[in-house]
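Undergrad: Contents of my_file33.tsv (TSV, C-alpha atoms and all ligand atoms):
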```tsv
chain	number	residue	atom	x	y	z
Q	184	MET	CA	23.79	42.88	84.52
Q	185	ASN	CA	26.80	41.99	86.66
Q	186	ALA	CA	27.83	43.04	90.15
Q	187	GLN	CA	29.52	46.22	88.90
Q	188	GLY	CA	26.25	47.28	87.32
Q	189	TRP	CA	27.45	46.82	83.74
Q	190	GLU	CA	25.40	45.14	81.14
Q	191	VAL	CA	26.75	43.53	77.98
Q	192	GLY	CA	24.23	44.38	75.33
Q	193	ARG	CA	23.97	42.98	71.85
Q	194	PRO	CA	24.16	46.08	69.74
Q	195	GLU	CA	22.71	45.76	66.31
Q	196	ILE	CA	25.07	45.35	63.36
Q	197	ALA	CA	23.82	48.12	61.11
Q	198	GLN	CA	25.90	47.28	58.04
Q	199	VAL	CA	28.22	44.51	56.85
Q	200	PHE	CA	30.95	44.73	54.21
Q	201	LYS	CA	32.41	41.46	53.00
Q	202	SER	CA	35.90	41.13	51.59
Q	203	VAL	CA	36.94	38.62	48.97
Q	204	ASP	CA	39.33	37.19	51.61
Q	205	GLY	CA	36.53	36.37	54.07
Q	206	THR	CA	37.10	39.39	56.30
Q	207	GLU	CA	33.95	41.22	57.37
Q	208	ARG	CA	33.77	44.82	58.49
Q	209	TYR	CA	30.78	45.92	60.55
Q	210	LEU	CA	29.21	49.20	61.39
Q	211	VAL	CA	27.86	48.50	64.85
Q	212	GLN	CA	25.08	50.64	66.22
Q	213	GLY	CA	26.31	52.93	68.99
Q	214	GLY	CA	24.25	54.65	71.66
Q	215	GLY	CA	23.52	58.34	71.35
Q	216	ASP	CA	21.12	59.44	68.68
Q	217	GLY	CA	20.88	55.98	67.14
Q	218	ARG	CA	22.67	57.02	63.96
Q	219	GLU	CA	26.17	56.76	65.35
Q	220	THR	CA	28.14	53.63	64.47
Q	221	VAL	CA	31.51	52.17	65.41
Q	222	GLU	CA	33.58	49.63	63.52
Q	223	ALA	CA	34.45	46.05	64.29
Q	224	VAL	CA	36.18	43.51	62.05
Q	225	TRP	CA	36.04	39.71	61.81
Q	226	MET	CA	39.14	38.09	60.27
Q	227	PRO	CA	38.80	34.35	59.72
Q	228	GLU	CA	42.05	32.70	60.83
Q	229	GLY	CA	43.41	36.09	61.90
Q	230	ASP	CA	46.20	38.00	60.24
Q	231	GLU	CA	49.08	36.23	61.97
Q	232	GLY	CA	49.46	39.18	64.33
Q	233	GLU	CA	49.37	36.72	67.25
Q	234	THR	CA	52.16	34.57	65.93
Q	235	GLY	CA	55.05	34.34	68.36
Q	236	ASP	CA	53.58	36.50	71.11
Q	237	GLY	CA	53.50	33.82	73.76
Q	238	SER	CA	49.82	32.97	73.48
Q	239	GLY	CA	50.87	29.62	72.05
Q	240	ILE	CA	49.52	30.58	68.67
Q	241	GLU	CA	52.30	29.77	66.26
Q	242	ALA	CA	51.65	29.90	62.52
Q	243	GLU	CA	50.17	26.43	62.28
Q	244	ALA	CA	48.05	26.77	65.38
Q	245	ALA	CA	46.88	30.23	64.27
Q	246	ALA	CA	45.24	28.54	61.33
Q	247	ARG	CA	43.22	26.50	63.82
Q	248	SER	CA	41.91	29.61	65.54
Q	249	ARG	CA	38.47	30.32	64.24
Q	250	ALA	CA	39.06	34.04	63.83
Q	251	THR	CA	40.40	37.28	65.20
Q	252	ILE	CA	37.91	40.00	66.12
Q	253	CYS	CA	39.07	43.62	66.13
Q	254	VAL	CA	36.98	46.12	68.11
Q	255	SER	CA	36.85	49.88	68.67
Q	256	SER	CA	37.28	51.69	71.98
Q	257	GLN	CA	36.26	55.22	70.98
Q	258	VAL	CA	34.23	56.93	68.29
Q	259	GLY	CA	36.97	58.58	66.22
Q	260	CYS	CA	40.38	59.23	67.76
Q	261	ALA	CA	42.33	62.20	69.09
Q	262	VAL	CA	45.82	60.81	68.53
Q	263	ASN	CA	46.21	61.92	64.92
Q	264	CYS	CA	48.63	59.35	63.53
Q	265	GLN	CA	49.36	60.66	60.07
Q	266	PHE	CA	48.91	57.33	58.29
Q	267	CYS	CA	45.53	56.50	59.84
Q	268	LEU	CA	42.08	57.10	58.40
Q	269	THR	CA	40.36	57.03	61.79
Q	270	ALA	CA	42.39	60.11	62.75
Q	271	LYS	CA	40.53	62.05	60.05
Q	272	LEU	CA	37.31	61.73	62.06
Q	273	GLY	CA	38.82	63.49	65.07
Q	274	PHE	CA	37.74	62.44	68.54
Q	275	GLN	CA	34.02	62.17	69.08
Q	276	ARG	CA	33.47	60.24	72.30
Q	277	ASN	CA	34.55	57.37	74.50
Q	278	LEU	CA	32.65	54.11	74.23
Q	279	SER	CA	31.23	52.66	77.45
Q	280	ALA	CA	32.46	49.28	78.70
Q	281	GLY	CA	29.16	47.75	77.58
Q	282	GLU	CA	29.54	49.24	74.11
Q	283	ILE	CA	33.09	47.89	73.75
Q	284	ALA	CA	32.20	44.40	74.97
Q	285	GLY	CA	28.90	44.52	73.07
Q	286	GLN	CA	30.70	44.67	69.72
Q	287	VAL	CA	32.40	41.39	70.57
Q	288	VAL	CA	29.17	39.74	71.68
Q	289	SER	CA	27.33	40.78	68.51
Q	290	VAL	CA	30.10	39.47	66.26
Q	291	LEU	CA	30.40	36.18	68.21
Q	292	GLU	CA	26.63	35.70	67.86
Q	293	ARG	CA	26.61	36.49	64.17
Q	294	HIS	CA	29.13	33.71	63.57
Q	295	GLY	CA	27.64	31.26	66.06
Q	296	VAL	CA	30.95	30.98	67.92
Q	297	GLU	CA	30.90	28.55	70.82
Q	298	VAL	CA	33.09	30.29	73.37
Q	299	GLY	CA	35.19	27.76	75.25
Q	300	ARG	CA	35.11	25.23	72.42
Q	301	GLU	CA	36.41	27.42	69.62
Q	302	ARG	CA	39.46	29.66	69.75
Q	303	VAL	CA	38.87	33.28	69.02
Q	304	ASN	CA	41.43	36.04	69.41
Q	305	LEU	CA	40.45	39.56	70.26
Q	306	VAL	CA	42.38	42.71	69.46
Q	307	PHE	CA	41.60	46.18	70.75
Q	308	MET	CA	42.98	47.81	67.63
Q	309	GLY	CA	39.91	49.29	65.96
Q	310	MET	CA	38.94	52.94	66.11
Q	311	GLY	CA	40.34	54.91	69.01
Q	312	GLU	CA	43.12	54.77	71.59
Q	313	PRO	CA	42.10	52.30	74.33
Q	314	PHE	CA	44.48	53.87	76.88
Q	315	LEU	CA	42.71	57.22	76.51
Q	316	ASN	CA	39.53	55.42	77.59
Q	317	TYR	CA	41.30	53.28	80.14
Q	318	ASP	CA	38.60	52.57	82.73
Q	319	ASN	CA	35.98	51.59	80.18
Q	320	PHE	CA	38.47	49.49	78.21
Q	321	MET	CA	39.56	47.51	81.28
Q	322	ALA	CA	35.96	47.17	82.49
Q	323	ALA	CA	35.14	45.73	79.05
Q	324	VAL	CA	38.02	43.24	79.41
Q	325	ARG	CA	36.67	42.11	82.78
Q	326	LEU	CA	33.16	41.74	81.34
Q	327	LEU	CA	34.46	39.67	78.45
Q	328	VAL	CA	36.49	37.45	80.78
Q	329	GLU	CA	33.94	37.04	83.56
Q	330	GLU	CA	30.61	37.21	81.73
Q	331	VAL	CA	31.42	36.02	78.22
Q	332	GLY	CA	34.18	33.52	79.06
Q	333	LEU	CA	36.94	34.78	76.76
Q	334	SER	CA	40.57	34.32	77.80
Q	335	PRO	CA	42.64	37.47	78.43
Q	336	GLN	CA	45.62	35.55	77.06
Q	337	ARG	CA	43.92	35.66	73.67
Q	338	MET	CA	43.36	39.40	73.83
Q	339	THR	CA	45.82	42.09	72.74
Q	340	VAL	CA	45.53	45.81	73.33
Q	341	SER	CA	47.46	48.19	71.15
Q	342	THR	CA	48.47	51.66	72.28
Q	343	SER	CA	50.13	54.52	70.44
Q	344	GLY	CA	52.29	55.03	73.54
Q	345	ILE	CA	50.13	56.74	76.17
Q	346	VAL	CA	52.61	56.55	79.06
Q	347	PRO	CA	50.18	57.03	81.99
Q	348	GLY	CA	47.98	54.30	80.48
Q	349	ILE	CA	50.91	51.89	80.12
Q	350	GLU	CA	51.86	52.57	83.73
Q	351	ARG	CA	48.34	51.74	84.92
Q	352	PHE	CA	48.32	48.65	82.73
Q	353	ALA	CA	51.57	47.51	84.38
Q	354	GLU	CA	49.69	47.44	87.69
Q	355	GLU	CA	46.90	45.13	86.44
Q	356	PRO	CA	47.00	41.52	87.65
Q	357	PRO	CA	48.74	39.55	84.87
Q	358	GLU	CA	46.00	36.90	84.83
Q	359	LEU	CA	43.36	39.52	84.10
Q	360	ARG	CA	44.94	41.67	81.47
Q	361	PRO	CA	45.38	41.34	77.72
Q	362	LYS	CA	48.78	41.22	76.09
Q	363	LEU	CA	50.37	44.53	75.18
Q	364	ALA	CA	51.23	45.87	71.75
Q	365	ILE	CA	53.00	49.18	71.22
Q	366	SER	CA	52.35	50.94	67.96
Q	367	LEU	CA	55.96	51.99	67.29
Q	368	ASN	CA	55.96	52.69	63.56
Q	369	ALA	CA	59.26	54.56	63.35
Q	370	PRO	CA	62.92	53.93	64.15
Q	371	ASN	CA	63.66	57.13	66.10
Q	372	ASP	CA	62.05	60.21	67.66
Q	373	GLU	CA	62.63	62.38	64.64
Q	374	VAL	CA	60.70	60.18	62.21
Q	375	ARG	CA	58.15	59.12	64.85
Q	376	GLY	CA	57.39	62.76	65.70
Q	377	GLU	CA	56.45	63.31	62.04
Q	378	VAL	CA	54.39	60.17	61.64
Q	379	MET	CA	52.85	60.16	65.14
Q	380	PRO	CA	52.68	63.65	66.67
Q	381	ILE	CA	51.89	62.03	70.07
Q	382	ASN	CA	55.62	61.22	70.16
Q	383	ARG	CA	56.33	64.86	70.97
Q	384	LYS	CA	54.46	64.38	74.25
Q	385	TRP	CA	55.75	60.91	75.06
Q	386	PRO	CA	58.96	60.18	73.14
Q	387	ILE	CA	60.20	56.65	72.50
Q	388	GLU	CA	62.40	56.40	75.60
Q	389	ALA	CA	59.52	57.41	77.92
Q	390	VAL	CA	57.31	54.77	76.29
Q	391	MET	CA	60.01	52.10	76.62
Q	392	GLU	CA	60.59	52.97	80.26
Q	393	ALA	CA	56.88	52.48	80.98
Q	394	VAL	CA	56.77	49.22	78.99
Q	395	ARG	CA	59.65	47.84	81.08
Q	396	LYS	CA	57.38	48.03	84.14
Q	397	VAL	CA	54.91	45.48	82.71
Q	398	LYS	CA	55.44	42.08	84.31
Q	399	LEU	CA	55.11	39.53	81.56
Q	400	ARG	CA	53.53	36.11	82.01
Q	401	PRO	CA	55.74	33.09	81.29
Q	402	ARG	CA	56.36	32.90	77.52
Q	403	GLU	CA	54.53	36.19	76.95
Q	404	ARG	CA	56.09	38.74	74.60
Q	405	VAL	CA	55.43	42.43	74.11
Q	406	THR	CA	54.57	43.18	70.49
Q	407	PHE	CA	55.88	46.22	68.67
Q	408	GLU	CA	53.66	47.04	65.71
Q	409	TYR	CA	55.52	48.69	62.87
Q	410	VAL	CA	53.72	50.18	59.88
Q	411	LEU	CA	56.01	50.34	56.87
Q	412	LEU	CA	55.48	53.57	54.94
Q	413	GLY	CA	57.15	53.53	51.54
Q	414	GLY	CA	60.35	55.64	51.61
Q	415	VAL	CA	59.60	56.96	55.12
Q	416	THR	CA	60.01	54.10	57.61
Q	417	ASP	CA	60.99	51.13	55.46
Q	418	ARG	CA	64.74	51.54	54.97
Q	419	VAL	CA	67.20	48.83	55.94
Q	420	GLU	CA	69.02	51.19	58.33
Q	421	HIS	CA	65.68	51.76	60.06
Q	422	ALA	CA	65.45	48.02	60.71
Q	423	ALA	CA	68.80	48.09	62.51
Q	424	GLU	CA	67.65	51.05	64.63
Q	425	VAL	CA	64.40	49.27	65.51
Q	426	GLY	CA	66.40	46.17	66.45
Q	427	ARG	CA	68.56	48.21	68.85
Q	428	LEU	CA	65.52	49.92	70.37
Q	429	VAL	CA	63.68	46.68	71.01
Q	430	ARG	CA	66.75	44.93	72.41
Q	431	ARG	CA	67.34	47.82	74.81
Q	432	THR	CA	63.95	47.17	76.46
Q	433	GLY	CA	65.43	43.95	77.82
Q	434	LEU	CA	61.97	42.40	77.46
Q	435	ALA	CA	60.82	39.35	75.57
Q	436	ALA	CA	59.50	41.06	72.48
Q	437	LYS	CA	58.64	40.62	68.85
Q	438	VAL	CA	57.89	42.95	65.95
Q	439	ASN	CA	54.88	42.77	63.65
Q	440	LEU	CA	55.43	44.46	60.32
Q	441	ILE	CA	52.40	45.88	58.53
Q	442	ALA	CA	52.74	47.11	54.98
Q	443	TRP	CA	50.80	50.38	55.04
Q	444	ASN	CA	47.28	50.20	53.63
Q	445	PRO	CA	46.36	53.14	51.45
Q	446	GLY	CA	43.34	55.28	52.25
Q	447	PRO	CA	41.68	58.26	50.60
Q	448	GLY	CA	43.29	61.59	51.42
Q	449	ILE	CA	46.51	60.17	52.90
Q	450	GLU	CA	49.68	60.97	51.01
Q	451	TYR	CA	51.97	58.10	52.01
Q	452	ALA	CA	53.05	55.37	49.60
Q	453	MET	CA	52.78	51.64	50.08
Q	454	PRO	CA	56.17	50.00	50.61
Q	455	GLN	CA	57.51	47.87	47.78
Q	456	PRO	CA	57.23	44.14	48.52
Q	457	GLU	CA	61.05	43.89	48.23
Q	458	ALA	CA	61.44	46.64	50.84
Q	459	VAL	CA	59.15	44.73	53.23
Q	460	GLU	CA	61.21	41.58	52.75
Q	461	ARG	CA	64.54	43.43	53.14
Q	462	PHE	CA	63.28	45.03	56.34
Q	463	ARG	CA	62.08	41.68	57.71
Q	464	VAL	CA	65.42	40.01	57.02
Q	465	ALA	CA	67.46	42.91	58.46
Q	466	LEU	CA	65.41	42.99	61.66
Q	467	GLY	CA	65.61	39.22	62.00
Q	468	ALA	CA	69.40	39.53	61.68
Q	469	GLU	CA	69.30	41.76	64.77
Q	470	GLY	CA	67.95	38.77	66.67
Q	471	ILE	CA	64.39	40.09	66.92
Q	472	PRO	CA	61.48	37.72	66.17
Q	473	VAL	CA	59.69	39.42	63.30
Q	474	TYR	CA	56.42	38.61	61.52
Q	475	VAL	CA	54.67	40.22	58.58
Q	476	ARG	CA	50.97	40.68	59.19
Q	477	ARG	CA	48.79	39.59	56.33
Q	478	PRO	CA	46.71	42.45	55.02
Q	479	ARG	CA	43.06	41.54	55.55
Q	480	GLY	CA	40.02	43.12	53.98
Q	481	ARG	CA	41.87	45.86	52.09
Q	482	ASP	CA	39.13	45.96	49.49
Q	483	ILE	CA	36.52	46.89	52.10
Q	484	PHE	CA	38.69	49.32	54.12
Q	485	ALA	CA	38.90	46.85	56.99
Q	486	ALA	CA	42.67	46.63	57.11
Q	487	CYS	CA	44.83	48.21	59.78
Q	488	GLY	CA	44.49	52.02	59.92
Q	489	GLN	CA	41.61	52.05	57.46
Q	490	LEU	CA	38.62	52.23	59.79
Q	491	LYS	CA	36.68	55.37	59.10
Q	492	ARG	CA	33.15	54.21	58.51
Q	493	THR	CA	33.95	54.31	54.82
Q	494	VAL	CA	30.76	53.52	53.01
Q	495	GLY	CA	31.68	53.19	49.38
Q	496	GLU	CA	31.23	50.85	46.52
Q	497	THR	CA	33.82	48.60	48.07
Q	498	GLY	CA	33.30	44.89	48.55
Q	499	ASN	CA	29.95	43.22	48.87
Q	500	ARG	CA	27.52	44.97	51.05
Q	501	GLU	CA	25.08	42.72	52.86
Q	601	LIG	S1	46.44	54.54	64.58
Q	601	LIG	FE1	45.13	54.21	66.40
Q	601	LIG	S2	45.86	55.77	67.88
Q	601	LIG	FE2	46.63	56.40	65.87
Q	601	LIG	S3	45.04	57.82	65.08
Q	601	LIG	FE3	44.56	55.75	64.30
Q	601	LIG	S4	43.08	54.93	65.76
Q	601	LIG	FE4	44.11	56.66	66.78
```
Write the structure described by the file as structure tokens, please.
TA:
Amino acid sequence: MNAQGWEVGRPEIAQVFKSVDGTERYLVQGGGDGRETVEAVWMPEGDEGETGDGSGIEAEAAARSRATICVSSQVGCAVNCQFCLTAKLGFQRNLSAGEIAGQVVSVLERHGVEVGRERVNLVFMGMGEPFLNYDNFMAAVRLLVEEVGLSPQRMTVSTSGIVPGIERFAEEPPELRPKLAISLNAPNDEVRGEVMPINRKWPIEAVMEAVRKVKLRPRERVTFEYVLLGGVTDRVEHAAEVGRLVRRTGLAAKVNLIAWNPGPGIEYAMPQPEAVERFRVALGAEGIPVYVRRPRGRDIFAACGQLKRTVGETGNRE
């Protein structure tokens, strides 16, 4: 128990799914009635999402990181991004700071990670919208920094664009906050409003205005995550629009491209590999650093946007 009265527990990992690529997806025991679980993911050597974001983890060095851990901030999610399986659960509840940090502690213990000696990256990109559970999310960050010894420079929080949350985040001391990723996913308000209904509340320009208030550390970059949906967001002209949008922020930034991962009951199509490559080249030509995230754990529904406590005959169950 620390001075703020929080305790980092070691919640039990109720179930493990192992991918052929080494990724593991966990159902971690939540509080409540004891049956509730949230999802966390362990990706050995990460997915290259950290490449070029100012954490000093370039491609080669990323391979030396032991792993990236992805954790959840809520049970379910209210944001309703149309490409995301978690959205199908709806919002159930916020996780406490101890429950958020506890996922990390349980996964570190499972893999015998020696914090301080081994590099581990942490992403708040699992189930839920961290900025709709802001106080508990930031309390979890402080617990992980002060009690567990993880570096905030190796943490990234991703938001769908919750403007009041970004504005609060901009006020956090830079040495105590994670890096910021904005889940952009579309080139303009029209397409984004279809793919992410939250855009109708906080359109792109409002999000960008809030992002501009974040004071970056030296060499730090803001990441824009961009899910490529076949035929919807993956056209070459979209890449030029994204380039203009990102340049207009005036911030050091980079774009992570994620080829959409299919999930049951979602109608979108995966982008063609050639479309992903064309998009990457076109965005790079706009002068934007651009990286393609490696899909991890697709076979066990551990990849981006696939977390929905899917318990199927997928992967090896431990
Ligand atoms: S992508 Fe993130 S913010 Fe959007 S519905 Fe899924 S979990 Fe929520």
Undergrad: Distance table requested - chain Q against ligand LIG 601 (chain Q), cut-off 6 Å, only C-alpha atoms and all ligand atoms: one row per qualifying residue with the closest atom pair and its distance in Å to one decimal, ordered by chain and rising residue number, as a tab-separated table.
TA:
```
residue	atom	partner	partner_atom	distance
Q:Cys260	CA	Q:LIG601	FE4	4.6
Q:Val262	CA	Q:LIG601	S3	4.6
Q:Asn263	CA	Q:LIG601	S3	4.3
Q:Cys264	CA	Q:LIG601	S3	4.2
Q:Cys267	CA	Q:LIG601	FE3	4.6
Q:Thr269	CA	Q:LIG601	FE3	5.1
Q:Ala270	CA	Q:LIG601	S3	4.2
Q:Met310	CA	Q:LIG601	S4	4.6
Q:Gly311	CA	Q:LIG601	S4	4.3
Q:Glu312	CA	Q:LIG601	S2	4.7
Q:Ser343	CA	Q:LIG601	S2	5.1
Q:Gly488	CA	Q:LIG601	S1	5.6
```
Undergrad: Compile a residue-level contact table for region 374-461 of chain Q against region 334-341 of chain Q at a cut-off of 12 Å, reporting for every qualifying residue the shortest atom pair and its distance in Å to one decimal, with all atoms listed in the file counted, rows ordered by chain and ascending number, as JSON lines.
TA:
```
{"residue": "Q:Leu399", "atom": "CA", "partner": "Q:Gln336", "partner_atom": "CA", "distance": 11.2}
{"residue": "Q:Arg400", "atom": "CA", "partner": "Q:Gln336", "partner_atom": "CA", "distance": 9.3}
{"residue": "Q:Pro401", "atom": "CA", "partner": "Q:Gln336", "partner_atom": "CA", "distance": 11.2}
{"residue": "Q:Arg402", "atom": "CA", "partner": "Q:Gln336", "partner_atom": "CA", "distance": 11.1}
{"residue": "Q:Glu403", "atom": "CA", "partner": "Q:Gln336", "partner_atom": "CA", "distance": 8.9}
{"residue": "Q:Arg404", "atom": "CA", "partner": "Q:Thr339", "partner_atom": "CA", "distance": 11.0}
{"residue": "Q:Val405", "atom": "CA", "partner": "Q:Thr339", "partner_atom": "CA", "distance": 9.7}
{"residue": "Q:Thr406", "atom": "CA", "partner": "Q:Ser341", "partner_atom": "CA", "distance": 8.7}
{"residue": "Q:Phe407", "atom": "CA", "partner": "Q:Ser341", "partner_atom": "CA", "distance": 9.0}
{"residue": "Q:Glu408", "atom": "CA", "partner": "Q:Ser341", "partner_atom": "CA", "distance": 8.3}
{"residue": "Q:Tyr409", "atom": "CA", "partner": "Q:Ser341", "partner_atom": "CA", "distance": 11.6}
{"residue": "Q:Asn439", "atom": "CA", "partner": "Q:Ser341", "partner_atom": "CA", "distance": 11.9}
```
Undergrad: I'd like to know which of Q:Asp318, Q:Ser279, Q:Gly332, Q:Leu210 is closest to Arg300 (chain Q), using all atoms listed in the file.
TA: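 Checking each candidate against Arg300 (chain Q), we get Q:Gly332 as the closest.
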Undergrad: Could you check the closest approach to Arg476 (chain Q) for each of Q:Leu411, Q:Glu457, Q:Pro447, Q:Glu424 and tell me which residue wins, using only C-alpha atoms?
TA: Q:Leu411
Undergrad: Which residue, Q:Glu460, Q:Asp417, Q:Glu358, Q:Glu222, has the smallest gap to Leu490 (chain Q) when you use all atoms listed in the file?
TA: Q:Glu222
Undergrad: Kindly give the distance, in Å, that separates CA of Gly205 (chain Q) and CA of Ala223 (chain Q), rounded to a single decimal.
TA: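 Interatomic distance, CA of Gly205 (chain Q) to CA of Ala223 (chain Q): 14.2 Å.
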Undergrad: Can you pull out the residues contacting Val429 (chain Q)? Cut-off 9 Å, using all atoms listed in the file, and skip same-chain residues under 5 positions away; I want them as a PyMOL selection string.
TA: chain Q and resi 391+407+424+434+436-438+471
Undergrad: Do a neighbour search on Gly414 (chain Q) at 10 Å with all atoms listed in the file, toss out local chain neighbours closer than 5 positions, and write the hits as an MDAnalysis selection string.
TA: chainID Q and resid 451:455 458
Undergrad: Here is a test: counting only C-alpha atoms, which residue of Q:Leu291, Q:Ala284, Q:Leu363, Q:Ala468 is nearest to Val419 (chain Q)?
TA: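 Residue with the minimum atom-to-atom distance to Val419 (chain Q): Q:Ala468.
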Undergrad: Residues around (37.7, 28.8, 64.4), cut-off 7 Å, counting all atoms listed in the file - what are they as a list in words?
TA: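 Residues found, by chain and rising number: Glu228, Arg247, Ser248, Arg249, Ala250, Glu301, Arg302 and Val303 of chain Q.
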Undergrad: Looking at Q:Arg383, Q:Arg481, Q:Arg276, Q:Lys396, which one is nearest to Pro445 (chain Q), with distances taken over all atoms listed in the file?
TA: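 Checking each of Q:Arg383, Q:Arg481, Q:Arg276, Q:Lys396 against Pro445 (chain Q), counting all atoms listed in the file, the winner is Q:Arg481.
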Undergrad: Given the choices Q:Gly433, Q:Gly376, Q:Gly299, Q:Gly309, which gets closest to Val224 (chain Q) if the distance is worked out from all atoms listed in the file?
TA: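 For Val224 (chain Q), the nearest of the given residues is Q:Gly309.
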Undergrad: Show me, as JSON, numbers by chain, the residues that have an atom within 10 Å of Arg193 (chain Q) when counting all atoms listed in the file, minus same-chain residues fewer than 2 positions from it.
TA: {"Q": [190, 191, 195, 196, 211, 212, 281, 282, 284, 285, 286, 287, 288, 289, 290, 292]}
Undergrad: Which centre and which edge lengths, in Å to one decimal, describe the axis-aligned box that holds all listed atoms of region 291-294 of chain Q after 4 Å is added on each side, as JSON?
TA:
```
{"center_x": 28.5, "center_y": 35.1, "center_z": 65.9, "size_x": 11.8, "size_y": 10.8, "size_z": 12.6}
```
Undergrad: Work out how far apart CA of Asn304 (chain Q) and CA of Leu268 (chain Q) are and give it in Å to one decimal.
TA: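 Answer for the CA of Asn304 (chain Q) to CA of Leu268 (chain Q) separation: 23.8 Å.
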Undergrad: Starting from the point (31.2, 32.3, 75.2), work out which residues of protein, DNA or RNA have an atom no more than 8 Å away when counting only C-alpha atoms; state them as a list of chain:residue names.
TA: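 Result, sorted by chain then residue number: Q:Val296, Q:Glu297, Q:Val298, Q:Gly299, Q:Val331, Q:Gly332, Q:Leu333.
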Undergrad: For Pro370 (chain Q), find every residue with an atom within 8 Å (counting only C-alpha atoms), except residues of its own chain fewer than 6 positions away, and show them as a PyMOL selection string.
TA: chain Q and resi 416+421-422+424-425+428
Undergrad: Rounded to one decimal in Å, what is the spacing between CA of Val378 (chain Q) and CA of Cys253 (chain Q)?
TA: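 A separation of 23.0 Å between them.
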